[in-house]
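S.K.: The file below is query_7.cif, mmCIF, C-alpha atoms:
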```cif
data_upload
#
loop_
_atom_site.label_atom_id
_atom_site.label_comp_id
_atom_site.auth_asym_id
_atom_site.auth_seq_id
_atom_site.Cartn_x
_atom_site.Cartn_y
_atom_site.Cartn_z
CA MET A 1 81.71 131.95 153.13
CA SER A 2 80.87 131.67 149.45
CA LEU A 3 78.59 134.00 147.51
CA THR A 4 75.25 132.46 146.54
CA PHE A 5 72.10 133.71 144.80
CA ASP A 6 70.57 134.52 148.20
CA SER A 7 73.69 136.03 149.82
CA PHE A 8 72.39 139.61 149.90
CA ALA A 9 68.93 140.92 150.61
CA SER A 10 69.28 143.79 148.13
CA PRO A 11 67.09 143.48 145.01
CA TRP A 12 69.96 144.06 142.57
CA TRP A 13 72.20 141.22 143.76
CA PRO A 14 70.37 138.38 141.92
CA TYR A 15 70.68 140.39 138.69
CA VAL A 16 74.43 140.78 139.21
CA PHE A 17 74.58 137.05 139.93
CA ILE A 18 72.72 136.27 136.65
CA LEU A 19 74.94 138.72 134.72
CA LEU A 20 78.16 137.14 135.99
CA ALA A 21 77.20 133.46 136.15
CA GLY A 22 74.81 133.64 133.15
CA TRP A 23 75.49 136.39 130.64
CA VAL A 24 79.29 136.59 130.87
CA ALA A 25 79.59 132.79 131.14
CA THR A 26 77.66 132.28 127.87
CA ASP A 27 78.41 135.32 125.70
CA MET A 28 82.16 135.06 126.19
CA TRP A 29 82.07 131.83 124.16
CA ARG A 30 80.10 133.55 121.40
CA TRP A 31 82.59 136.46 121.28
CA LEU A 32 85.46 134.01 121.24
CA GLY A 33 83.71 132.15 118.43
CA VAL A 34 83.49 135.34 116.35
CA LEU A 35 87.17 136.10 116.97
CA VAL A 36 88.25 132.58 116.13
CA GLY A 37 85.90 132.68 113.14
CA ASN A 38 86.72 130.32 110.36
CA ARG A 39 90.32 129.92 111.52
CA LEU A 40 89.25 127.06 113.78
CA ARG A 41 88.74 123.82 111.94
CA ASP A 42 85.40 122.27 112.72
CA ASP A 43 86.87 118.77 112.68
CA SER A 44 89.86 119.28 115.04
CA GLU A 45 90.24 116.70 117.81
CA VAL A 46 90.07 119.22 120.66
CA LEU A 47 86.81 120.57 119.32
CA ILE A 48 85.25 117.10 119.11
CA TRP A 49 86.17 116.43 122.76
CA VAL A 50 84.91 119.86 123.88
CA LYS A 51 81.58 119.37 122.09
CA ALA A 52 81.24 115.87 123.62
CA VAL A 53 81.84 117.26 127.14
CA ALA A 54 79.32 120.05 126.53
CA THR A 55 76.75 117.56 125.23
CA ALA A 56 77.27 115.22 128.21
CA LEU A 57 76.84 118.16 130.57
CA VAL A 58 73.54 119.22 129.03
CA ALA A 59 72.56 115.53 129.02
CA GLY A 60 73.26 115.47 132.76
CA VAL A 61 70.77 118.31 133.12
CA ILE A 62 68.21 116.35 131.07
CA GLY A 63 68.67 113.30 133.33
CA LYS A 64 68.24 115.36 136.48
CA LEU A 65 65.15 117.11 135.08
CA VAL A 66 63.51 113.75 134.35
CA LEU A 67 64.60 111.81 137.48
CA PHE A 68 64.54 114.62 140.06
CA PRO A 69 62.14 117.26 138.70
CA SER A 70 60.93 120.19 140.75
CA GLY A 71 57.24 121.06 140.89
CA ALA A 72 54.43 119.65 138.76
CA LEU A 73 56.35 116.97 136.88
CA ALA A 74 57.32 115.35 140.21
CA ASP A 75 53.65 114.28 140.51
CA ALA A 76 54.05 111.90 137.54
CA PRO A 77 55.45 108.46 138.47
CA MET A 78 59.20 108.21 137.89
CA LEU A 79 58.93 105.09 135.72
CA LEU A 80 56.41 106.86 133.49
CA ARG A 81 58.77 109.83 133.01
CA ILE A 82 61.62 107.49 132.08
CA ALA A 83 59.36 105.49 129.75
CA ALA A 84 58.13 108.68 128.03
CA LEU A 85 61.68 109.92 127.43
CA LEU A 86 62.76 106.50 126.11
CA CYS A 87 59.75 106.15 123.78
CA GLY A 88 60.26 109.69 122.45
CA TRP A 89 63.94 108.96 121.89
CA LEU A 90 63.28 105.67 120.05
CA ALA A 91 60.54 107.28 117.90
CA PHE A 92 62.92 110.16 117.09
CA LEU A 93 65.59 107.70 115.92
CA ALA A 94 63.10 105.50 114.03
CA ALA A 95 61.71 108.55 112.19
CA GLY A 96 65.12 109.50 110.83
CA GLN A 97 66.00 111.93 113.67
CA ARG A 98 62.93 114.14 113.29
CA ILE A 99 62.63 116.28 116.42
CA ILE A 100 58.88 116.81 116.18
CA VAL A 101 58.19 113.04 116.16
CA GLY A 102 60.30 112.49 119.28
CA VAL A 103 58.68 115.39 121.14
CA ALA A 104 55.14 114.35 120.14
CA VAL A 105 55.59 110.68 121.13
CA ALA A 106 57.26 111.53 124.46
CA GLU A 107 54.47 113.95 125.36
CA ALA A 108 51.75 111.51 124.26
CA VAL A 109 53.18 108.73 126.45
CA LEU A 110 53.60 111.07 129.42
CA VAL A 111 50.14 112.66 129.25
CA GLY A 112 48.39 109.40 128.32
CA GLY A 113 50.09 107.45 131.08
CA TRP A 114 49.51 110.22 133.60
CA VAL A 115 45.77 110.34 132.85
CA VAL A 116 45.41 106.53 133.00
CA LEU A 117 47.51 106.06 136.15
CA GLY A 118 46.68 109.20 138.03
CA MET B 1 76.03 150.01 101.40
CA THR B 2 75.44 148.36 98.07
CA LEU B 3 73.04 145.55 97.39
CA GLN B 4 72.51 144.04 94.02
CA ASP B 5 68.76 143.87 94.42
CA GLY B 6 67.30 147.36 94.89
CA ASP B 7 68.53 150.30 96.95
CA GLY B 8 70.25 149.48 100.26
CA GLN B 9 67.80 150.80 102.82
CA SER B 10 64.57 149.27 101.55
CA ALA B 11 66.26 145.99 100.60
CA GLY B 12 67.57 145.84 104.19
CA TYR B 13 64.07 146.21 105.63
CA HIS B 14 62.78 143.67 103.14
CA TRP B 15 65.25 140.98 104.22
CA PHE B 16 64.90 141.79 107.91
CA PHE B 17 61.14 141.36 107.56
CA ARG B 18 61.53 138.12 105.64
CA GLY B 19 63.78 136.84 108.41
CA MET B 20 61.08 137.69 110.95
CA THR B 21 58.60 135.41 109.18
CA GLY B 22 61.03 132.50 109.78
CA VAL B 23 59.68 132.14 113.32
CA VAL B 24 56.86 130.16 111.71
CA SER B 25 58.90 126.95 111.35
CA VAL B 26 59.11 123.59 113.15
CA PRO B 27 62.30 124.24 115.21
CA ALA B 28 61.16 127.76 116.16
CA VAL B 29 57.71 126.59 117.26
CA ILE B 30 59.14 123.71 119.36
CA LEU B 31 61.58 126.12 120.98
CA MET B 32 58.71 128.48 121.84
CA MET B 33 56.77 125.62 123.39
CA SER B 34 59.86 124.72 125.41
CA PHE B 35 60.07 128.30 126.67
CA PHE B 36 56.54 127.83 127.98
CA GLY B 37 58.09 125.09 130.09
CA PHE B 38 60.92 127.43 131.09
CA GLY B 39 58.56 130.02 132.59
CA VAL B 40 56.90 127.24 134.58
CA LEU B 41 60.30 125.95 135.73
CA CYS B 42 61.29 129.46 136.89
CA ARG B 43 58.11 129.89 138.86
CA GLU B 44 58.43 126.48 140.50
CA SER B 45 62.08 127.10 141.32
CA GLY B 46 61.13 130.19 143.30
CA LEU B 47 62.62 132.82 140.97
CA SER B 48 60.92 136.19 140.49
CA LEU B 49 59.40 137.24 137.14
CA GLY B 50 62.15 139.83 136.72
CA HIS B 51 64.92 137.26 137.23
CA SER B 52 63.29 134.89 134.74
CA VAL B 53 62.90 137.50 131.98
CA PHE B 54 66.42 138.82 132.61
CA MET B 55 67.78 135.29 132.23
CA THR B 56 66.10 134.69 128.87
CA ALA B 57 67.19 138.12 127.56
CA CYS B 58 70.84 138.03 128.60
CA ILE B 59 71.71 134.31 128.38
CA TRP B 60 69.55 133.18 125.43
CA ALA B 61 70.60 129.54 125.56
CA LEU B 62 67.96 127.31 127.13
CA PRO B 63 70.36 124.56 128.34
CA SER B 64 72.54 127.12 130.10
CA GLN B 65 69.48 128.81 131.60
CA VAL B 66 68.31 125.47 133.01
CA VAL B 67 71.82 124.75 134.33
CA LEU B 68 71.87 128.14 136.06
CA ILE B 69 68.46 127.51 137.64
CA GLY B 70 69.65 124.11 138.83
CA SER B 71 72.71 125.75 140.40
CA ILE B 72 70.67 128.49 142.06
CA THR B 73 68.10 126.11 143.55
CA SER B 74 70.83 123.84 144.91
CA GLY B 75 72.40 126.84 146.63
CA ALA B 76 75.62 126.71 144.60
CA SER B 77 78.16 129.51 144.95
CA LEU B 78 78.64 132.20 142.30
CA PHE B 79 81.87 130.52 141.24
CA ALA B 80 80.41 127.00 140.99
CA SER B 81 77.36 128.35 139.08
CA ALA B 82 79.58 130.25 136.64
CA VAL B 83 81.71 127.13 136.07
CA ALA B 84 78.65 124.95 135.40
CA VAL B 85 77.10 127.52 133.02
CA THR B 86 80.44 128.11 131.28
CA LEU B 87 80.87 124.37 130.66
CA SER B 88 77.31 124.04 129.38
CA ALA B 89 77.92 126.97 126.99
CA ILE B 90 81.27 125.88 125.54
CA ARG B 91 79.56 124.48 122.47
CA LEU B 92 78.46 128.04 121.60
CA MET B 93 82.07 128.78 120.64
CA PRO B 94 82.43 126.28 117.79
CA MET B 95 78.84 126.99 116.75
CA THR B 96 79.52 130.72 116.49
CA ALA B 97 82.85 130.10 114.75
CA ALA B 98 81.03 128.02 112.12
CA TRP B 99 78.24 130.62 111.86
CA VAL B 100 80.58 133.55 111.04
CA PRO B 101 81.62 132.50 107.52
CA VAL B 102 77.98 131.80 106.63
CA VAL B 103 76.51 135.17 107.69
CA ARG B 104 79.29 137.60 106.89
CA ASP B 105 79.96 139.49 103.67
CA LYS B 106 83.28 141.07 102.63
CA GLY B 107 82.66 144.40 104.37
CA THR B 108 80.80 143.16 107.48
CA SER B 109 82.16 144.89 110.57
CA ARG B 110 83.39 142.82 113.47
CA TRP B 111 81.26 144.67 116.04
CA LYS B 112 78.10 143.75 114.15
CA LEU B 113 79.10 140.08 114.29
CA LEU B 114 79.96 140.37 117.99
CA ALA B 115 76.60 141.98 118.76
CA LEU B 116 74.54 139.52 116.70
CA SER B 117 76.50 136.51 117.98
CA HIS B 118 74.43 136.84 121.16
CA PHE B 119 71.54 135.30 119.22
CA VAL B 120 73.46 132.17 118.25
CA ALA B 121 71.86 129.17 119.99
CA VAL B 122 70.81 125.71 118.81
CA THR B 123 67.58 126.77 117.08
CA ALA B 124 68.92 129.89 115.31
CA TRP B 125 72.03 127.98 114.31
CA VAL B 126 70.13 125.07 112.77
CA TRP B 127 67.87 127.57 110.98
CA ALA B 128 70.84 129.62 109.67
CA PHE B 129 72.42 126.59 108.05
CA MET B 130 69.08 125.59 106.52
CA LYS B 131 68.28 128.99 104.98
CA LEU B 132 71.35 131.17 104.48
CA PRO B 133 73.66 129.31 102.07
CA SER B 134 71.20 129.79 99.18
CA LEU B 135 71.00 133.60 99.65
CA PRO B 136 73.37 136.33 98.37
CA PRO B 137 76.00 137.06 101.09
CA ALA B 138 75.04 140.75 101.25
CA VAL B 139 71.60 140.02 102.76
CA ARG B 140 72.41 137.08 105.05
CA LEU B 141 73.27 138.94 108.26
CA THR B 142 70.14 141.12 107.96
CA TYR B 143 68.00 138.07 107.25
CA PHE B 144 69.49 136.25 110.27
CA ALA B 145 69.02 139.31 112.49
CA GLY B 146 65.34 139.52 111.55
CA PHE B 147 64.80 135.89 112.48
CA ALA B 148 66.94 135.66 115.60
CA MET B 149 65.87 138.95 117.21
CA THR B 150 62.20 138.16 116.62
CA LEU B 151 62.66 134.67 118.07
CA SER B 152 64.38 136.11 121.14
CA LEU B 153 61.70 138.79 121.70
CA LEU B 154 58.91 136.24 121.27
CA ASN B 155 60.51 133.95 123.83
CA ILE B 156 60.96 136.81 126.31
CA SER B 157 57.20 137.40 125.98
CA ILE B 158 56.56 133.68 126.37
CA THR B 159 58.72 133.59 129.52
CA ILE B 160 56.52 136.35 130.99
CA GLY B 161 53.26 134.74 129.89
CA SER B 162 54.08 131.22 131.06
CA TYR B 163 55.48 132.50 134.38
CA LEU B 164 52.23 134.34 135.05
CA LEU B 165 50.07 131.41 133.94
CA ALA B 166 52.10 128.80 135.83
CA GLY B 167 50.38 129.54 139.13
CA SER B 168 46.90 128.72 137.88
CA MET B 169 47.91 125.96 135.47
CA PRO B 170 46.57 122.42 136.01
CA VAL B 171 49.32 120.08 137.23
CA LEU B 172 49.04 117.90 134.11
CA LEU B 173 49.61 120.87 131.75
CA ALA B 174 52.44 122.39 133.79
CA GLY B 175 54.13 118.98 134.07
CA SER B 176 53.88 118.20 130.36
CA LEU B 177 55.21 121.67 129.40
CA PHE B 178 58.09 121.19 131.82
CA PHE B 179 58.76 117.84 130.13
CA LEU B 180 59.22 119.57 126.73
CA THR B 181 62.60 120.95 127.81
CA PRO B 182 64.39 117.61 128.34
CA ILE B 183 62.92 115.88 125.27
CA TYR B 184 63.56 118.91 122.99
CA PHE B 185 67.19 119.19 124.14
CA MET B 186 67.75 115.48 123.79
CA THR B 187 66.44 115.33 120.22
CA ALA B 188 67.66 118.74 118.95
CA LEU B 189 71.20 118.24 120.22
CA THR B 190 71.39 114.76 118.73
CA ALA B 191 69.98 115.99 115.42
CA ALA B 192 72.61 118.76 115.36
CA ALA B 193 75.45 116.41 116.42
CA ARG B 194 78.01 115.77 113.71
CA HIS B 195 80.24 113.26 115.46
CA LEU B 196 79.67 109.91 117.14
CA ALA B 197 81.25 111.39 120.30
CA GLU B 198 78.39 113.87 120.74
CA LYS B 199 75.76 111.21 120.07
CA LEU B 200 77.33 108.86 122.66
CA ALA B 201 77.75 111.67 125.17
CA MET B 202 73.96 112.08 125.31
CA PRO B 203 73.01 108.72 126.96
CA LEU B 204 76.19 108.76 129.10
CA GLY B 205 75.40 112.21 130.51
CA ILE B 206 71.77 111.30 131.12
CA VAL B 207 72.88 108.38 133.33
CA LEU B 208 75.90 110.03 135.01
CA GLY B 209 74.23 113.36 135.87
CA PRO B 210 71.50 111.90 138.11
CA LEU B 211 73.91 109.23 139.42
CA PHE B 212 76.49 111.79 140.63
CA PHE B 213 73.68 113.91 142.04
CA HIS B 214 72.29 110.88 143.90
CA LEU B 215 75.76 110.05 145.28
CA GLN B 216 75.97 113.68 146.45
CA ILE B 217 79.25 114.38 144.70
CA GLY B 218 79.86 118.12 144.52
CA LEU B 219 79.73 119.74 141.04
CA ASP B 220 77.83 116.66 139.80
CA LEU B 221 77.01 118.22 136.40
CA VAL B 222 80.59 119.25 135.74
CA TRP B 223 81.87 115.74 136.50
CA ALA B 224 79.11 114.15 134.43
CA GLY B 225 80.16 116.36 131.52
CA LEU B 226 83.88 115.73 131.85
CA LEU B 227 83.63 111.97 132.44
CA GLY B 228 80.75 111.28 130.03
CA GLY B 229 82.25 113.49 127.32
CA THR B 230 85.72 111.99 127.64
CA ILE B 231 84.40 108.39 127.52
CA ALA B 232 82.31 109.29 124.45
CA TYR B 233 85.28 110.97 122.79
CA LEU B 234 87.61 107.99 123.44
CA ALA B 235 84.97 105.57 122.12
CA ASP B 236 84.60 107.75 119.01
CA ARG B 237 88.39 107.71 118.51
CA MET B 238 88.63 103.94 118.93
CA PHE B 239 85.78 103.47 116.47
CA ARG B 240 87.43 105.78 113.93
CA SER B 241 90.87 104.18 114.22
CA ARG B 242 89.33 100.75 113.63
CA ALA B 243 87.28 101.88 110.64
#
```
Just give me the structure as structure tokens.

M.R.:
Amino acid sequence: MSLTFDSFASPWWPYVFILLAGWVATDMWRWLGVLVGNRLRDDSEVLIWVKAVATALVAGVIGKLVLFPSGALADAPMLLRIAALLCGWLAFLAAGQRIIVGVAVAEAVLVGGWVVLG
Amino acid sequence: MTLQDGDGQSAGYHWFFRGMTGVVSVPAVILMMSFFGFGVLCRESGLSLGHSVFMTACIWALPSQVVLIGSITSGASLFASAVAVTLSAIRLMPMTAAWVPVVRDKGTSRWKLLALSHFVAVTAWVWAFMKLPSLPPAVRLTYFAGFAMTLSLLNISITIGSYLLAGSMPVLLAGSLFFLTPIYFMTALTAAARHLAEKLAMPLGIVLGPLFFHLQIGLDLVWAGLLGGTIAYLADRMFRSRA
């Protein structure tokens, strides 16, 4: 039997779970980063691959959040969610990679489409 | 403690305070809006308020927090959750390594850097590289601490506020706040990407993550990261060798 978030009824277990799977799992990279400091070259091949894997993993989360959301966003049609993300992305690129433009356009398409369709 | 501009103590407070005012900036404000979405996500994923606040305080990396929530709601084991979060947080290592030479001065102690490294995340990192290089090295760490600790505290408060409001929020508002998280990640990570590999990894991961989830392959996020990242890296290499 494997340990999950709901394995124990005691109130402290979820906090231990978050500490181990959350805090240790993130801060150990920061501590390692301090120790490695400027000795690591920012353009080494291993680092480029590692950053690409990390980006693809977070991108996987983005895809799941948009295609299989939990809660309120699930009420918006799936095609609308995909269209909003795509429009925001294209606007972001067209505006010279300005984050605020991408966010604003994506939200405008989502909310506008949701009001019109729903 | 010697600072060239004024006596140490009051100059320290001055720069800490100036750092605090940095939370009024475009990346900081978008991050705060995204944390509104995070509180809503926590509530809708069935977490308690305490769990949600604890997550923001001790992880302080929104992508990793969302990965952990995804693992918890899918009933993943402690080991599988830790692996997924660890993989999503790997990029914090090179980010922190690049951050050290920018914030430290000659006499900066290692424990101070270790403690403040907790606040390194996409937004604080982007901000540090925008603001710090033009300042004298002696004040940089204090200036960064003022900004990053304020940003973290504000987002802990926002996690509480949005969690509490999520219950009575109209569906349209809750849904559009929730939507901030994916679009902010997508744009902020691409804007911060320095190599073609990272830029290519974004669309690949967005397709592979849901695909592997749909096919019910275990550890879908981990495989999406490894496969998508490796394809993007190889494409980057081929492109570079041809250029």

S.K.: Between B:Gly12, B:Pro210, B:Pro133, B:Gly46, which is the closest to chain A once you count all atoms listed in the file?

M.R.: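 For chain A, the nearest of the candidates is B:Pro210.
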
S.K.: I'd like the interatomic distance between CA of His51 in chain B and CA of Leu154 in chain B, to a tenth of an Å.

M.R.: 17.1 Å

S.K.: Env of Trp23 in chain A: 8 Å cut, atoms = all atoms listed in the file, seq-sep filter 4 positions within chain, self excluded. Answer as a list in words.

M.R.: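 Result of the neighbour search: Ile18, Leu19 and Asp27 of chain A; Met55, Cys58 and Ile59 of chain B.
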
S.K.: May I have the protein, DNA and RNA residues with any atom at most 10 Å from the point (66.8, 116.1, 122.9), counting only C-alpha atoms, written as a PyMOL selection string?

M.R.: (chain A and resi 58-59+62+85+88-89+92+99+102-103) or (chain B and resi 180-192+202)

S.K.: Let me make sure I understand: among B:His118, B:His14, B:Lys112, B:Lys106, which one has the smallest atom-to-atom distance to chain A if we use all atoms listed in the file?

M.R.: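 Ranked by minimum distance to chain A, first place goes to B:His118.
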
S.K.: Can you work out which residues from chain A touch chain B at a cut-off of 6 Å (counting all atoms listed in the file) and hand them back as number ranges by chain?

M.R.: A: 2-4, 21-23, 25-26, 29-31, 33-34, 37-38, 49, 51-57, 59-60, 62-64, 71-73, 97, 99, 103

S.K.: Generate the output file for the selected residues, C-alpha atoms, as a CSV table (one decimal), keeping the file's coordinate frame.

M.R.:
```
chain,number,residue,atom,x,y,z
A,2,SER,CA,80.9,131.7,149.4
A,3,LEU,CA,78.6,134.0,147.5
A,4,THR,CA,75.2,132.5,146.5
A,21,ALA,CA,77.2,133.5,136.2
A,22,GLY,CA,74.8,133.6,133.2
A,23,TRP,CA,75.5,136.4,130.6
A,25,ALA,CA,79.6,132.8,131.1
A,26,THR,CA,77.7,132.3,127.9
A,29,TRP,CA,82.1,131.8,124.2
A,30,ARG,CA,80.1,133.6,121.4
A,31,TRP,CA,82.6,136.5,121.3
A,33,GLY,CA,83.7,132.2,118.4
A,34,VAL,CA,83.5,135.3,116.4
A,37,GLY,CA,85.9,132.7,113.1
A,38,ASN,CA,86.7,130.3,110.4
A,49,TRP,CA,86.2,116.4,122.8
A,51,LYS,CA,81.6,119.4,122.1
A,52,ALA,CA,81.2,115.9,123.6
A,53,VAL,CA,81.8,117.3,127.1
A,54,ALA,CA,79.3,120.0,126.5
A,55,THR,CA,76.8,117.6,125.2
A,56,ALA,CA,77.3,115.2,128.2
A,57,LEU,CA,76.8,118.2,130.6
A,59,ALA,CA,72.6,115.5,129.0
A,60,GLY,CA,73.3,115.5,132.8
A,62,ILE,CA,68.2,116.4,131.1
A,63,GLY,CA,68.7,113.3,133.3
A,64,LYS,CA,68.2,115.4,136.5
A,71,GLY,CA,57.2,121.1,140.9
A,72,ALA,CA,54.4,119.6,138.8
A,73,LEU,CA,56.4,117.0,136.9
A,97,GLN,CA,66.0,111.9,113.7
A,99,ILE,CA,62.6,116.3,116.4
A,103,VAL,CA,58.7,115.4,121.1
```

S.K.: Work out how far apart CA of Cys87 in chain A and CA of Val109 in chain A are and give it in Å to one decimal.

M.R.: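 Here the two named atoms are 7.5 Å from each other.
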
S.K.: I'd like the neighbourhood of Asp105 in chain B as a PDB file with C-alpha atoms, keeping the file's coordinate frame, where a residue qualifies if any of its atoms comes within 9 Å (using all atoms listed in the file), though same-chain residues fewer than 5 positions away should be ignored.

M.R.:
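Written out: result_39.pdb:
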```
ATOM      1  CA  PRO B 137      76.000 137.060 101.090  1.00  0.00           C
ATOM      2  CA  ALA B 138      75.040 140.750 101.250  1.00  0.00           C
ATOM      3  CA  VAL B 139      71.600 140.020 102.760  1.00  0.00           C
ATOM      4  CA  ARG B 140      72.410 137.080 105.050  1.00  0.00           C
ATOM      5  CA  LEU B 141      73.270 138.940 108.260  1.00  0.00           C
TER       6      LEU B 141
END
```

S.K.: Evaluate the PyMOL selection byres ((chain A and resi 111-115) around 8) and record the selected residues as a PyMOL selection string, following the chain and residue labels used in the document.

M.R.: (chain A and resi 76-77+80+107-110+116-118) or (chain B and resi 172+176)

S.K.: With a distance cut-off of 12 Å and all atoms listed in the file, select the neighbouring residues of Arg18 in chain B, excluding the residue or stretch itself and same-chain residues fewer than 2 positions from it, and output the selection as a PyMOL selection string.

M.R.: chain B and resi 11-16+20-24+131+139-140+142-148+150

S.K.: In Å, how far is it from CA of Ser25 in chain B to CA of Phe129 in chain B?

M.R.: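 That distance, rounded to one decimal, is 13.9 Å.
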
S.K.: Emit a file covering range 213-231 of chain B of the preceding structure with N, CA and C atoms, as an mmCIF file, in the first residue's frame.

M.R.:
```
data_model
loop_
_atom_site.group_PDB
_atom_site.id
_atom_site.type_symbol
_atom_site.label_atom_id
_atom_site.label_comp_id
_atom_site.auth_asym_id
_atom_site.auth_seq_id
_atom_site.Cartn_x
_atom_site.Cartn_y
_atom_site.Cartn_z
ATOM 1 N N PHE B 213 -2.336 11.872 -20.084
ATOM 2 C CA PHE B 213 -3.372 11.768 -19.054
ATOM 3 C C PHE B 213 -4.582 11.045 -19.621
ATOM 4 N N HIS B 214 -4.967 11.419 -20.857
ATOM 5 C CA HIS B 214 -6.115 10.812 -21.524
ATOM 6 C C HIS B 214 -5.878 9.324 -21.768
ATOM 7 N N LEU B 215 -4.641 8.955 -22.116
ATOM 8 C CA LEU B 215 -4.304 7.553 -22.377
ATOM 9 C C LEU B 215 -4.117 6.772 -21.079
ATOM 10 N N GLN B 216 -4.245 7.484 -19.952
ATOM 11 C CA GLN B 216 -4.133 6.868 -18.626
ATOM 12 C C GLN B 216 -2.796 6.165 -18.406
ATOM 13 N N ILE B 217 -1.736 6.833 -18.878
ATOM 14 C CA ILE B 217 -0.388 6.357 -18.580
ATOM 15 C C ILE B 217 -0.027 6.896 -17.196
ATOM 16 N N GLY B 218 0.511 6.038 -16.338
ATOM 17 C CA GLY B 218 0.901 6.523 -15.011
ATOM 18 C C GLY B 218 1.993 7.574 -15.115
ATOM 19 N N LEU B 219 2.098 8.462 -14.103
ATOM 20 C CA LEU B 219 3.114 9.528 -14.097
ATOM 21 C C LEU B 219 3.084 10.348 -15.390
ATOM 22 N N ASP B 220 1.868 10.677 -15.864
ATOM 23 C CA ASP B 220 1.742 11.336 -17.172
ATOM 24 C C ASP B 220 2.562 12.627 -17.279
ATOM 25 N N LEU B 221 2.609 13.422 -16.176
ATOM 26 C CA LEU B 221 3.346 14.686 -16.239
ATOM 27 C C LEU B 221 4.847 14.455 -16.371
ATOM 28 N N VAL B 222 5.337 13.463 -15.635
ATOM 29 C CA VAL B 222 6.768 13.161 -15.682
ATOM 30 C C VAL B 222 7.179 12.747 -17.093
ATOM 31 N N TRP B 223 6.372 11.874 -17.714
ATOM 32 C CA TRP B 223 6.686 11.429 -19.075
ATOM 33 C C TRP B 223 6.551 12.562 -20.074
ATOM 34 N N ALA B 224 5.540 13.409 -19.890
ATOM 35 C CA ALA B 224 5.381 14.564 -20.784
ATOM 36 C C ALA B 224 6.615 15.458 -20.690
ATOM 37 N N GLY B 225 7.126 15.639 -19.469
ATOM 38 C CA GLY B 225 8.315 16.469 -19.281
ATOM 39 C C GLY B 225 9.546 15.860 -19.915
ATOM 40 N N LEU B 226 9.761 14.562 -19.648
ATOM 41 C CA LEU B 226 10.966 13.910 -20.170
ATOM 42 C C LEU B 226 10.940 13.824 -21.696
ATOM 43 N N LEU B 227 9.802 13.377 -22.259
ATOM 44 C CA LEU B 227 9.713 13.210 -23.709
ATOM 45 C C LEU B 227 9.691 14.563 -24.426
ATOM 46 N N GLY B 228 8.804 15.460 -23.955
ATOM 47 C CA GLY B 228 8.693 16.777 -24.592
ATOM 48 C C GLY B 228 9.995 17.557 -24.485
ATOM 49 N N GLY B 229 10.618 17.523 -23.307
ATOM 50 C CA GLY B 229 11.858 18.255 -23.095
ATOM 51 C C GLY B 229 12.996 17.708 -23.938
ATOM 52 N N THR B 230 13.061 16.375 -24.042
ATOM 53 C CA THR B 230 14.149 15.765 -24.811
ATOM 54 C C THR B 230 13.986 16.056 -26.305
ATOM 55 N N ILE B 231 12.741 15.948 -26.811
ATOM 56 C CA ILE B 231 12.500 16.277 -28.226
ATOM 57 C C ILE B 231 12.892 17.736 -28.493
#
```
